$ cat run_11.cif   # mmCIF, C-alpha atoms
data_query
loop_
_atom_site.label_atom_id
_atom_site.label_comp_id
_atom_site.auth_asym_id
_atom_site.auth_seq_id
_atom_site.Cartn_x
_atom_site.Cartn_y
_atom_site.Cartn_z
CA MET A 60 -21.64 -1.18 20.37
CA PRO A 61 -18.13 -1.88 19.04
CA THR A 62 -15.33 0.65 19.40
CA TYR A 63 -14.43 2.11 16.01
CA LYS A 64 -11.18 3.83 15.14
CA LEU A 65 -10.54 5.23 11.67
CA THR A 66 -6.88 5.94 10.93
CA TYR A 67 -5.96 8.30 8.10
CA PHE A 68 -4.17 11.56 7.49
CA ASN A 69 -5.68 14.98 8.18
CA ALA A 70 -7.35 14.97 4.77
CA ARG A 71 -10.69 13.98 3.28
CA GLY A 72 -9.15 11.73 0.64
CA TYR A 73 -10.09 8.07 0.70
CA ALA A 74 -11.43 8.20 4.28
CA GLU A 75 -14.10 10.84 3.98
CA PRO A 76 -17.11 8.73 2.91
CA ALA A 77 -16.45 6.48 5.94
CA ARG A 78 -16.48 9.52 8.25
CA MET A 79 -19.72 10.68 6.65
CA LEU A 80 -21.30 7.26 7.22
CA PHE A 81 -20.47 7.45 10.94
CA HIS A 82 -22.00 10.91 11.19
CA LEU A 83 -25.04 9.90 9.13
CA ALA A 84 -25.66 6.87 11.34
CA GLY A 85 -24.91 8.80 14.53
CA VAL A 86 -22.33 6.21 15.55
CA PRO A 87 -19.36 7.47 17.60
CA PHE A 88 -15.84 6.72 16.32
CA GLU A 89 -12.31 7.87 16.85
CA ASP A 90 -11.36 10.02 13.86
CA TYR A 91 -7.60 9.55 14.13
CA ARG A 92 -5.90 12.02 11.77
CA MET A 93 -2.15 11.74 11.44
CA THR A 94 -0.07 14.78 10.57
CA HIS A 95 2.06 14.37 7.44
CA GLY A 96 5.77 14.36 8.14
CA ASP A 97 5.78 14.06 11.94
CA GLY A 98 6.92 10.42 11.85
CA THR A 99 3.66 8.87 13.13
CA TRP A 100 2.83 7.17 9.84
CA GLU A 101 6.34 5.74 9.49
CA LYS A 102 5.98 4.29 12.98
CA ILE A 103 2.65 2.52 12.44
CA LYS A 104 2.93 1.68 8.72
CA GLY A 105 4.45 -1.77 9.27
CA SER A 106 1.63 -2.83 11.56
CA THR A 107 -1.15 -1.99 9.06
CA PRO A 108 -2.52 -4.80 6.86
CA ILE A 109 -1.23 -3.41 3.53
CA GLY A 110 1.07 -0.58 4.60
CA LYS A 111 -1.60 1.90 3.53
CA VAL A 112 -4.37 3.96 5.09
CA PRO A 113 -7.25 4.29 5.69
CA VAL A 114 -7.55 1.44 8.17
CA LEU A 115 -10.70 0.87 10.19
CA SER A 116 -10.30 -0.87 13.55
CA VAL A 117 -13.44 -2.51 14.93
CA ASP A 118 -12.73 -3.57 18.51
CA GLY A 119 -9.12 -3.88 17.41
CA PHE A 120 -9.90 -5.91 14.26
CA ASP A 121 -8.31 -4.09 11.31
CA ILE A 122 -9.93 -3.65 7.90
CA PRO A 123 -7.90 -2.07 5.06
CA GLN A 124 -8.82 -0.64 1.64
CA SER A 125 -11.11 2.38 1.55
CA LEU A 126 -13.98 0.90 -0.46
CA ALA A 127 -13.98 -2.29 1.62
CA ILE A 128 -14.22 -0.11 4.76
CA ILE A 129 -16.98 2.05 3.33
CA ARG A 130 -19.01 -0.94 2.09
CA TYR A 131 -18.56 -2.65 5.48
CA LEU A 132 -19.90 0.37 7.36
CA ALA A 133 -22.66 0.84 4.80
CA ASN A 134 -23.76 -2.78 5.33
CA LYS A 135 -23.66 -2.32 9.11
CA PHE A 136 -25.52 0.98 9.15
CA GLY A 137 -28.05 0.24 6.39
CA TYR A 138 -26.68 2.31 3.51
CA ALA A 139 -25.47 -0.44 1.17
CA GLY A 140 -28.68 -0.83 -0.84
CA LYS A 141 -31.90 -2.61 0.12
CA THR A 142 -31.64 -5.64 -2.19
CA LEU A 143 -28.74 -7.60 -3.67
CA GLU A 144 -29.53 -5.86 -6.97
CA GLU A 145 -29.29 -2.39 -5.37
CA LYS A 146 -26.07 -3.45 -3.63
CA ALA A 147 -24.65 -4.56 -6.98
CA TRP A 148 -25.47 -1.21 -8.56
CA ALA A 149 -23.98 0.75 -5.65
CA ASP A 150 -20.87 -1.42 -6.09
CA ALA A 151 -20.85 -0.76 -9.84
CA VAL A 152 -20.98 3.00 -9.23
CA VAL A 153 -18.06 2.97 -6.79
CA ASP A 154 -16.05 0.69 -9.08
CA GLN A 155 -16.65 3.12 -11.93
CA TYR A 156 -15.51 5.91 -9.59
CA LYS A 157 -12.38 3.86 -8.84
CA ASP A 158 -11.67 3.41 -12.57
CA PHE A 159 -11.98 7.15 -13.04
CA GLN A 160 -9.86 7.90 -9.97
CA PHE A 161 -7.02 5.76 -11.32
CA ALA A 162 -7.06 7.63 -14.61
CA PHE A 163 -7.16 10.95 -12.76
CA ILE A 164 -4.25 9.97 -10.48
CA GLN A 165 -2.14 8.98 -13.50
CA TYR A 166 -2.58 12.52 -14.80
CA VAL A 167 -1.96 14.17 -11.41
CA ASN A 168 1.14 12.04 -10.80
CA ALA A 169 2.60 12.75 -14.25
CA LYS A 170 2.07 16.47 -13.65
CA SER A 171 3.50 16.57 -10.13
CA ALA A 172 6.48 14.39 -11.12
CA GLY A 173 7.37 17.00 -13.73
CA ARG A 174 7.03 14.61 -16.67
CA PRO A 175 7.50 16.29 -20.09
CA ASP A 176 4.56 18.50 -21.21
CA GLU A 177 3.86 16.29 -24.21
CA GLU A 178 3.48 13.21 -21.97
CA VAL A 179 1.28 15.01 -19.42
CA GLU A 180 -0.95 16.28 -22.22
CA ARG A 181 -1.20 12.82 -23.75
CA ILE A 182 -2.25 11.32 -20.42
CA ARG A 183 -4.75 14.15 -19.93
CA THR A 184 -6.41 13.69 -23.33
CA GLU A 185 -6.03 9.91 -23.77
CA VAL A 186 -6.52 8.65 -20.22
CA TYR A 187 -7.96 11.19 -17.77
CA LEU A 188 -10.54 12.99 -19.92
CA PRO A 189 -12.04 9.86 -21.59
CA TYR A 190 -12.51 8.23 -18.15
CA LYS A 191 -14.01 11.44 -16.78
CA GLU A 192 -16.50 11.55 -19.64
CA LEU A 193 -17.38 7.87 -19.18
CA TYR A 194 -17.86 8.37 -15.43
CA PHE A 195 -19.86 11.59 -15.64
CA ASP A 196 -22.05 10.23 -18.46
CA PHE A 197 -22.77 7.14 -16.39
CA LEU A 198 -23.72 9.23 -13.34
CA ASN A 199 -25.87 11.55 -15.45
CA ARG A 200 -27.75 8.64 -16.99
CA LEU A 201 -28.39 7.15 -13.55
CA LEU A 202 -29.68 10.48 -12.25
CA GLU A 203 -31.87 10.99 -15.32
CA LYS A 204 -33.64 7.70 -14.62
CA SER A 205 -33.74 8.18 -10.83
CA LYS A 206 -37.09 9.00 -9.28
CA SER A 207 -35.60 9.59 -5.82
CA GLY A 208 -32.68 11.81 -6.86
CA PHE A 209 -30.28 9.25 -5.36
CA LEU A 210 -27.96 7.24 -7.60
CA VAL A 211 -29.38 3.82 -6.66
CA GLY A 212 -32.89 2.94 -5.49
CA ASP A 213 -35.07 5.24 -3.43
CA SER A 214 -32.68 6.12 -0.61
CA LEU A 215 -29.08 7.08 0.09
CA THR A 216 -26.35 4.51 -0.46
CA PHE A 217 -22.61 4.74 0.08
CA ALA A 218 -22.31 5.27 -3.67
CA ASP A 219 -23.89 8.73 -3.26
CA LEU A 220 -21.34 9.62 -0.57
CA VAL A 221 -18.34 8.38 -2.58
CA VAL A 222 -19.48 10.30 -5.64
CA VAL A 223 -20.33 13.63 -3.98
CA GLU A 224 -17.11 13.63 -1.95
CA ASN A 225 -15.17 13.01 -5.13
CA LEU A 226 -17.02 15.89 -6.84
CA PHE A 227 -16.28 18.10 -3.82
CA SER A 228 -12.55 17.39 -4.02
CA LEU A 229 -12.47 17.73 -7.81
CA GLY A 230 -14.26 21.08 -7.48
CA LYS A 231 -11.93 22.33 -4.76
CA ASN A 232 -9.00 21.61 -7.05
CA GLN A 233 -10.48 23.11 -10.24
CA HIS A 234 -11.30 19.82 -11.96
CA PHE A 235 -15.09 20.08 -11.70
CA VAL A 236 -17.22 23.06 -12.63
CA ALA A 237 -20.60 22.44 -11.01
CA ALA A 238 -22.50 24.82 -13.31
CA GLU A 239 -21.64 22.57 -16.28
CA HIS A 240 -23.20 19.52 -14.62
CA PRO A 241 -26.59 20.46 -13.17
CA LYS A 242 -27.61 16.88 -12.30
CA LEU A 243 -24.36 16.20 -10.44
CA LEU A 244 -24.69 19.54 -8.65
CA ALA A 245 -28.25 18.63 -7.62
CA LEU A 246 -27.01 15.31 -6.20
CA LYS A 247 -24.24 17.10 -4.30
CA GLU A 248 -26.68 19.62 -2.83
CA LYS A 249 -29.17 16.89 -1.95
CA ILE A 250 -26.59 14.87 -0.01
CA TYR A 251 -24.93 17.86 1.65
CA GLY A 252 -28.39 19.09 2.61
CA ILE A 253 -29.03 16.09 4.87
CA PRO A 254 -28.83 17.57 8.39
CA ALA A 255 -26.27 15.11 9.86
CA ILE A 256 -24.05 15.47 6.78
CA LYS A 257 -24.50 19.24 6.63
CA GLN A 258 -23.50 19.65 10.25
CA TYR A 259 -20.41 17.48 9.83
CA VAL A 260 -19.30 19.09 6.56
CA GLU A 261 -19.60 22.57 8.09
CA SER A 262 -17.45 21.61 11.06
CA ARG A 263 -14.84 19.35 9.45
CA PRO A 264 -11.24 20.54 8.98
CA ASP A 265 -10.83 22.52 5.76
CA THR A 266 -8.11 20.59 3.92
CA GLN A 267 -7.11 20.81 0.27
CA PHE A 268 -7.58 17.10 -0.44
CA MET B 163 -34.46 -19.78 -10.51
CA PRO B 164 -33.70 -16.60 -12.47
CA THR B 165 -32.31 -16.72 -16.00
CA TYR B 166 -28.70 -15.56 -16.05
CA LYS B 167 -26.82 -14.32 -19.10
CA LEU B 168 -23.19 -13.23 -18.87
CA THR B 169 -22.02 -11.17 -21.83
CA TYR B 170 -18.30 -10.85 -22.55
CA PHE B 171 -15.77 -11.62 -25.24
CA ASN B 172 -14.32 -15.06 -25.89
CA ALA B 173 -11.68 -14.51 -23.21
CA ARG B 174 -11.25 -15.20 -19.50
CA GLY B 175 -10.42 -11.58 -18.65
CA TYR B 176 -12.74 -9.78 -16.26
CA ALA B 177 -15.57 -12.31 -16.66
CA GLU B 178 -13.84 -15.52 -15.63
CA PRO B 179 -14.40 -15.47 -11.83
CA ALA B 180 -18.14 -14.99 -12.51
CA ARG B 181 -18.14 -18.04 -14.79
CA MET B 182 -16.30 -20.03 -12.12
CA LEU B 183 -18.90 -19.02 -9.51
CA PHE B 184 -21.71 -20.35 -11.71
CA HIS B 185 -19.89 -23.65 -12.19
CA LEU B 186 -18.99 -23.89 -8.49
CA ALA B 187 -22.60 -23.28 -7.47
CA GLY B 188 -23.95 -25.56 -10.21
CA VAL B 189 -26.21 -22.78 -11.48
CA PRO B 190 -26.95 -22.78 -15.23
CA PHE B 191 -26.23 -19.57 -17.17
CA GLU B 192 -25.81 -18.41 -20.73
CA ASP B 193 -22.08 -17.87 -21.29
CA TYR B 194 -22.42 -15.43 -24.18
CA ARG B 195 -18.99 -14.92 -25.76
CA MET B 196 -18.73 -12.32 -28.48
CA THR B 197 -16.11 -12.65 -31.20
CA HIS B 198 -13.78 -9.68 -31.48
CA GLY B 199 -14.17 -7.76 -34.70
CA ASP B 200 -17.39 -9.28 -36.05
CA GLY B 201 -19.45 -6.18 -35.24
CA THR B 202 -21.55 -7.74 -32.44
CA TRP B 203 -19.99 -5.61 -29.70
CA GLU B 204 -20.41 -2.42 -31.71
CA LYS B 205 -24.09 -3.30 -32.14
CA ILE B 206 -24.86 -3.88 -28.44
CA LYS B 207 -22.39 -1.47 -26.83
CA GLY B 208 -24.85 1.45 -26.67
CA SER B 209 -27.44 -0.62 -24.83
CA THR B 210 -25.06 -1.68 -22.03
CA PRO B 211 -25.06 0.34 -18.78
CA ILE B 212 -21.51 1.74 -19.15
CA GLY B 213 -20.55 0.80 -22.70
CA LYS B 214 -18.34 -1.95 -21.30
CA VAL B 215 -18.45 -5.68 -20.64
CA PRO B 216 -18.87 -7.91 -18.73
CA VAL B 217 -22.57 -7.37 -18.16
CA LEU B 218 -24.65 -9.82 -16.18
CA SER B 219 -28.36 -9.99 -16.99
CA VAL B 220 -30.59 -11.47 -14.30
CA ASP B 221 -34.04 -12.00 -15.77
CA GLY B 222 -33.17 -9.11 -18.09
CA PHE B 223 -31.95 -6.80 -15.29
CA ASP B 224 -28.43 -5.66 -16.24
CA ILE B 225 -25.51 -5.36 -13.81
CA PRO B 226 -22.22 -3.86 -15.04
CA GLN B 227 -18.65 -3.77 -13.62
CA SER B 228 -16.87 -7.08 -13.17
CA LEU B 229 -16.29 -6.93 -9.41
CA ALA B 230 -19.87 -5.81 -8.75
CA ILE B 231 -21.07 -8.81 -10.80
CA ILE B 232 -18.75 -11.22 -9.03
CA ARG B 233 -19.66 -9.94 -5.55
CA TYR B 234 -23.36 -10.12 -6.45
CA LEU B 235 -23.11 -13.75 -7.51
CA ALA B 236 -20.90 -14.55 -4.51
CA ASN B 237 -23.55 -13.10 -2.20
CA LYS B 238 -26.28 -15.06 -3.95
CA PHE B 239 -24.41 -18.37 -4.02
CA GLY B 240 -22.77 -18.13 -0.58
CA TYR B 241 -19.17 -17.34 -1.50
CA ALA B 242 -18.89 -13.73 -0.29
CA GLY B 243 -17.68 -14.48 3.27
CA LYS B 244 -19.66 -15.70 6.26
CA THR B 245 -19.64 -12.50 8.36
CA LEU B 246 -19.50 -8.81 7.52
CA GLU B 247 -15.85 -8.89 8.63
CA GLU B 248 -15.03 -11.73 6.23
CA LYS B 249 -16.91 -9.92 3.47
CA ALA B 250 -14.85 -6.79 4.16
CA TRP B 251 -11.61 -8.75 3.89
CA ALA B 252 -12.69 -10.46 0.66
CA ASP B 253 -13.51 -6.98 -0.64
CA ALA B 254 -10.11 -5.67 0.51
CA VAL B 255 -8.34 -8.47 -1.37
CA VAL B 256 -10.18 -7.80 -4.63
CA ASP B 257 -9.64 -4.05 -4.27
CA GLN B 258 -5.93 -4.69 -3.81
CA TYR B 259 -6.08 -6.89 -6.91
CA LYS B 260 -7.76 -4.02 -8.75
CA ASP B 261 -5.04 -1.58 -7.65
CA PHE B 262 -2.42 -4.00 -8.94
CA GLN B 263 -4.31 -4.63 -12.16
CA PHE B 264 -4.41 -0.90 -12.94
CA ALA B 265 -0.65 -0.62 -12.46
CA PHE B 266 -0.14 -3.69 -14.64
CA ILE B 267 -2.40 -2.36 -17.39
CA GLN B 268 -0.50 0.95 -17.44
CA TYR B 269 2.64 -1.01 -18.19
CA VAL B 270 0.98 -3.28 -20.78
CA ASN B 271 -0.67 -0.30 -22.51
CA ALA B 272 2.57 1.71 -22.64
CA LYS B 273 4.32 -1.30 -24.16
CA SER B 274 1.64 -2.13 -26.72
CA ALA B 275 1.25 1.54 -27.72
CA GLY B 276 4.95 1.56 -28.60
CA ARG B 277 5.84 4.29 -26.06
CA PRO B 278 9.58 5.05 -25.87
CA ASP B 279 11.66 2.35 -24.11
CA GLU B 280 12.66 4.75 -21.34
CA GLU B 281 9.02 5.49 -20.53
CA VAL B 282 7.98 1.82 -20.61
CA GLU B 283 10.88 0.93 -18.33
CA ARG B 284 10.01 3.76 -15.93
CA ILE B 285 6.38 2.55 -15.70
CA ARG B 286 7.60 -1.01 -15.21
CA THR B 287 9.95 -0.16 -12.34
CA GLU B 288 8.05 2.74 -10.73
CA VAL B 289 4.43 1.62 -11.17
CA TYR B 290 3.97 -2.02 -12.14
CA LEU B 291 6.64 -3.77 -10.06
CA PRO B 292 6.03 -1.87 -6.78
CA TYR B 293 2.30 -2.67 -6.99
CA LYS B 294 3.06 -6.28 -7.83
CA GLU B 295 5.30 -6.55 -4.75
CA LEU B 296 2.68 -4.92 -2.55
CA TYR B 297 -0.03 -7.23 -3.87
CA PHE B 298 1.98 -10.44 -3.68
CA ASP B 299 3.33 -9.58 -0.20
CA PHE B 300 -0.22 -8.96 0.98
CA LEU B 301 -1.42 -12.29 -0.44
CA ASN B 302 1.56 -14.13 1.05
CA ARG B 303 0.93 -12.67 4.50
CA LEU B 304 -2.74 -13.66 4.34
CA LEU B 305 -1.81 -17.21 3.32
CA GLU B 306 0.84 -17.46 6.05
CA LYS B 307 -1.79 -16.68 8.67
CA SER B 308 -4.52 -18.79 7.05
CA LYS B 309 -5.39 -22.06 8.73
CA SER B 310 -7.73 -23.15 5.93
CA GLY B 311 -5.44 -22.35 2.99
CA PHE B 312 -8.07 -19.92 1.66
CA LEU B 313 -7.40 -16.19 1.62
CA VAL B 314 -10.27 -15.26 3.94
CA GLY B 315 -11.86 -17.33 6.69
CA ASP B 316 -12.24 -21.09 6.56
CA SER B 317 -13.84 -21.52 3.16
CA LEU B 318 -13.67 -20.32 -0.43
CA THR B 319 -14.65 -16.73 -1.22
CA PHE B 320 -14.80 -14.89 -4.51
CA ALA B 321 -11.46 -13.31 -3.53
CA ASP B 322 -9.78 -16.71 -4.03
CA LEU B 323 -11.28 -16.98 -7.51
CA VAL B 324 -10.29 -13.45 -8.55
CA VAL B 325 -6.73 -13.97 -7.32
CA VAL B 326 -6.09 -17.41 -8.83
CA GLU B 327 -7.57 -16.41 -12.18
CA ASN B 328 -5.31 -13.36 -12.19
CA LEU B 329 -2.30 -15.59 -11.38
CA PHE B 330 -3.35 -17.96 -14.15
CA SER B 331 -3.44 -15.16 -16.73
CA LEU B 332 -0.21 -13.59 -15.46
CA GLY B 333 1.47 -17.00 -15.70
CA LYS B 334 0.15 -17.67 -19.20
CA ASN B 335 1.67 -14.38 -20.31
CA GLN B 336 5.05 -14.77 -18.58
CA HIS B 337 4.40 -12.34 -15.73
CA PHE B 338 4.17 -14.91 -12.94
CA VAL B 339 6.64 -17.70 -12.24
CA ALA B 340 4.81 -20.08 -9.91
CA ALA B 341 8.00 -21.71 -8.58
CA GLU B 342 9.03 -18.37 -7.06
CA HIS B 343 5.81 -18.09 -5.08
CA PRO B 344 5.07 -21.42 -3.37
CA LYS B 345 2.17 -20.10 -1.27
CA LEU B 346 0.44 -18.55 -4.26
CA LEU B 347 1.02 -21.74 -6.24
CA ALA B 348 -0.52 -23.78 -3.39
CA LEU B 349 -3.60 -21.52 -3.42
CA LYS B 350 -3.92 -21.89 -7.17
CA GLU B 351 -3.67 -25.68 -6.97
CA LYS B 352 -6.12 -25.82 -4.10
CA ILE B 353 -8.76 -23.83 -5.96
CA TYR B 354 -8.21 -25.55 -9.33
CA GLY B 355 -8.38 -28.88 -7.51
CA ILE B 356 -12.02 -28.34 -6.49
CA PRO B 357 -13.92 -30.80 -8.73
CA ALA B 358 -16.47 -28.33 -10.19
CA ILE B 359 -13.70 -25.81 -10.93
CA LYS B 360 -11.33 -28.46 -12.26
CA GLN B 361 -13.92 -29.81 -14.64
CA TYR B 362 -14.77 -26.34 -15.94
CA VAL B 363 -11.14 -25.22 -16.29
CA GLU B 364 -10.27 -28.37 -18.25
CA SER B 365 -13.13 -27.81 -20.69
CA ARG B 366 -13.08 -24.03 -21.11
CA PRO B 367 -11.85 -22.40 -24.32
CA ASP B 368 -8.06 -21.97 -24.30
CA THR B 369 -7.65 -18.22 -24.86
CA GLN B 370 -4.56 -16.08 -24.34
CA PHE B 371 -6.27 -13.64 -21.96
#
$ encode --input "run_11.cif" --output "structure tokens"
Amino acid sequence: MPTYKLTYFNARGYAEPARMLFHLAGVPFEDYRMTHGDGTWEKIKGSTPIGKVPVLSVDGFDIPQSLAIIRYLANKFGYAGKTLEEKAWADAVVDQYKDFQFAFIQYVNAKSAGRPDEEVERIRTEVYLPYKELYFDFLNRLLEKSKSGFLVGDSLTFADLVVVENLFSLGKNQHFVAAEHPKLLALKEKIYGIPAIKQYVESRPDTQF
Amino acid sequence: MPTYKLTYFNARGYAEPARMLFHLAGVPFEDYRMTHGDGTWEKIKGSTPIGKVPVLSVDGFDIPQSLAIIRYLANKFGYAGKTLEEKAWADAVVDQYKDFQFAFIQYVNAKSAGRPDEEVERIRTEVYLPYKELYFDFLNRLLEKSKSGFLVGDSLTFADLVVVENLFSLGKNQHFVAAEHPKLLALKEKIYGIPAIKQYVESRPDTQF
């Protein structure tokens, strides 16, 4: 079995679905969590493929970009979808998540950069909230049609992990009220109820993001 | 062979790499191009999976999200990468493209919405240009290390198509000066020099985007 090392900060962030895939598959990996501000990241940044984390090293071969990493592990471990059509739909879900995430980050960045209230509010109502509605509607429609309770096909795919981790982080930061979205809550509980996931989630570091 | 229908507007945009894959593979498809403003899109929008195009229909089975469509066709036609590691790197390239594209669109949207000059300039210098540098540097480093001249491995992947089409559109709209980026220009010429691509590109509708 190859030696896996996942490099990221001590946060869930863009690395968490990859960690969950390792735990789900029961595959050992080094969960290398850098501490913000201690100089480690500055030291290794130049040697990463894009100057960003997460990076997954497989026997020393580096793979960048979170969704590329997650899809790679999902393909290796059997959670990418069972047919090319299922794979395409899992991909479509995570790309829709990525579209939403960009809109969300625009809003978060404008707020934390102290942009004028009027600008922050415009981004919230014209960018963030429309993308959130589009994304949540899409997920709800998928779950309405789903016979398995999973987003794609009749078993778990990496799309489920990406989505529930995003909901978890949104919820932890007051951007998702589970009671208002019963289908999304049911998906979250279904995934977090899987023993290997449950055990990991209960023992993982409690970080804000 | 399944019946393929690709629905989009009469533009290259997010559909073009999919069209190029069909031409490269010599697989017939219906290239359904809606005309902006004639009401067709408004009529069909509600029946699409996300309310967005492109949508690829495969024997009537709909797949949304441009990169999901492109990766699906690449997997079917043999242009997704030869190993899981190559696939992961092709995915990383297109995800980096998507990150850049979001930054670019923020700038274009701010400009076309007539946001104040100071705000447009801030987005240009703080969002668009840093992402462009990151993206172009990444592509240049990949091409420096490439023995084949392709971005990933020793043959064409969908990542090459996504990147050169993006460069084509950036160039057509004065956001890319080929002479300043000899490696990117060489990639573009290499891909557009492939007979099936060349023939298609010479005969496709000349649209601004």
$ resolve_selection --input "run_11.cif" --expression "the PyMOL selection byres ((chain B) within 8 of (chain A))" --output "short mmCIF file (atom, residue, chain, number, x, y, z; two decimals) with C-alpha atoms, in the coordinates of the input"
data_model
loop_
_atom_site.label_atom_id
_atom_site.label_comp_id
_atom_site.auth_asym_id
_atom_site.auth_seq_id
_atom_site.Cartn_x
_atom_site.Cartn_y
_atom_site.Cartn_z
CA PRO B 211 -25.06 0.34 -18.78
CA ILE B 212 -21.51 1.74 -19.15
CA ILE B 225 -25.51 -5.36 -13.81
CA PRO B 226 -22.22 -3.86 -15.04
CA GLN B 227 -18.65 -3.77 -13.62
CA LEU B 229 -16.29 -6.93 -9.41
CA ALA B 230 -19.87 -5.81 -8.75
CA ILE B 231 -21.07 -8.81 -10.80
CA ARG B 233 -19.66 -9.94 -5.55
CA TYR B 234 -23.36 -10.12 -6.45
CA ASN B 237 -23.55 -13.10 -2.20
CA LYS B 238 -26.28 -15.06 -3.95
CA LEU B 246 -19.50 -8.81 7.52
CA GLU B 247 -15.85 -8.89 8.63
CA LYS B 249 -16.91 -9.92 3.47
CA ALA B 250 -14.85 -6.79 4.16
CA TRP B 251 -11.61 -8.75 3.89
CA ASP B 253 -13.51 -6.98 -0.64
CA ALA B 254 -10.11 -5.67 0.51
CA ASP B 257 -9.64 -4.05 -4.27
CA GLN B 258 -5.93 -4.69 -3.81
CA PHE B 264 -4.41 -0.90 -12.94
CA LEU B 296 2.68 -4.92 -2.55
CA PHE B 300 -0.22 -8.96 0.98
#
$ closest_residue --input "run_11.cif" --among "A:Gly208, A:Gly119, A:Gly137, A:Gly98" --to "A:Leu80" --atoms "all atoms listed in the file"
A:Gly137
$ closest_residue --input "run_11.cif" --among "B:Pro357, B:Gly333, B:Gly276, B:Pro164" --to "B:Pro190" --atoms "all atoms listed in the file"
B:Pro164
$ resolve_selection --input "run_11.cif" --expression "the PyMOL selection byres ((chain A and resi 186) around 10)" --output "VMD selection string"
chain A and resid 159 161 to 163 165 to 166 180 to 185 187 to 191
$ atom_distance --input "run_11.cif" --atom1 "atom CA of B:Ala275" --atom2 "atom CA of A:Val179"
15.8 Å
$ residues_around --input "run_11.cif" --residues "stretch 165-181 of chain B" --least-positions-apart "3" --cutoff "7 Å" --atoms "all atoms listed in the file" --output "ChimeraX atom specification"
/B:184-185,191-198,215-221,228,232,323-324,327,369,371
$ closest_residue --input "run_11.cif" --among "A:Met60, A:Ala245, A:Ile103, A:Met79" --to "A:Glu203" --atoms "all atoms listed in the file"
A:Ala245
$ residues_around --input "run_11.cif" --residues "stretch 316-319 of chain B" --least-positions-apart "5" --cutoff "7 Å" --atoms "all atoms listed in the file" --output "NGL selection string"
:B and (241-243 or 252 or 310)
$ atom_distance --input "run_11.cif" --atom1 "atom CA of A:Val86" --atom2 "atom CA of A:Ser106"
25.9 Å
$ atom_distance --input "run_11.cif" --atom1 "atom CA of B:Lys309" --atom2 "atom CA of B:Glu295"
23.2 Å
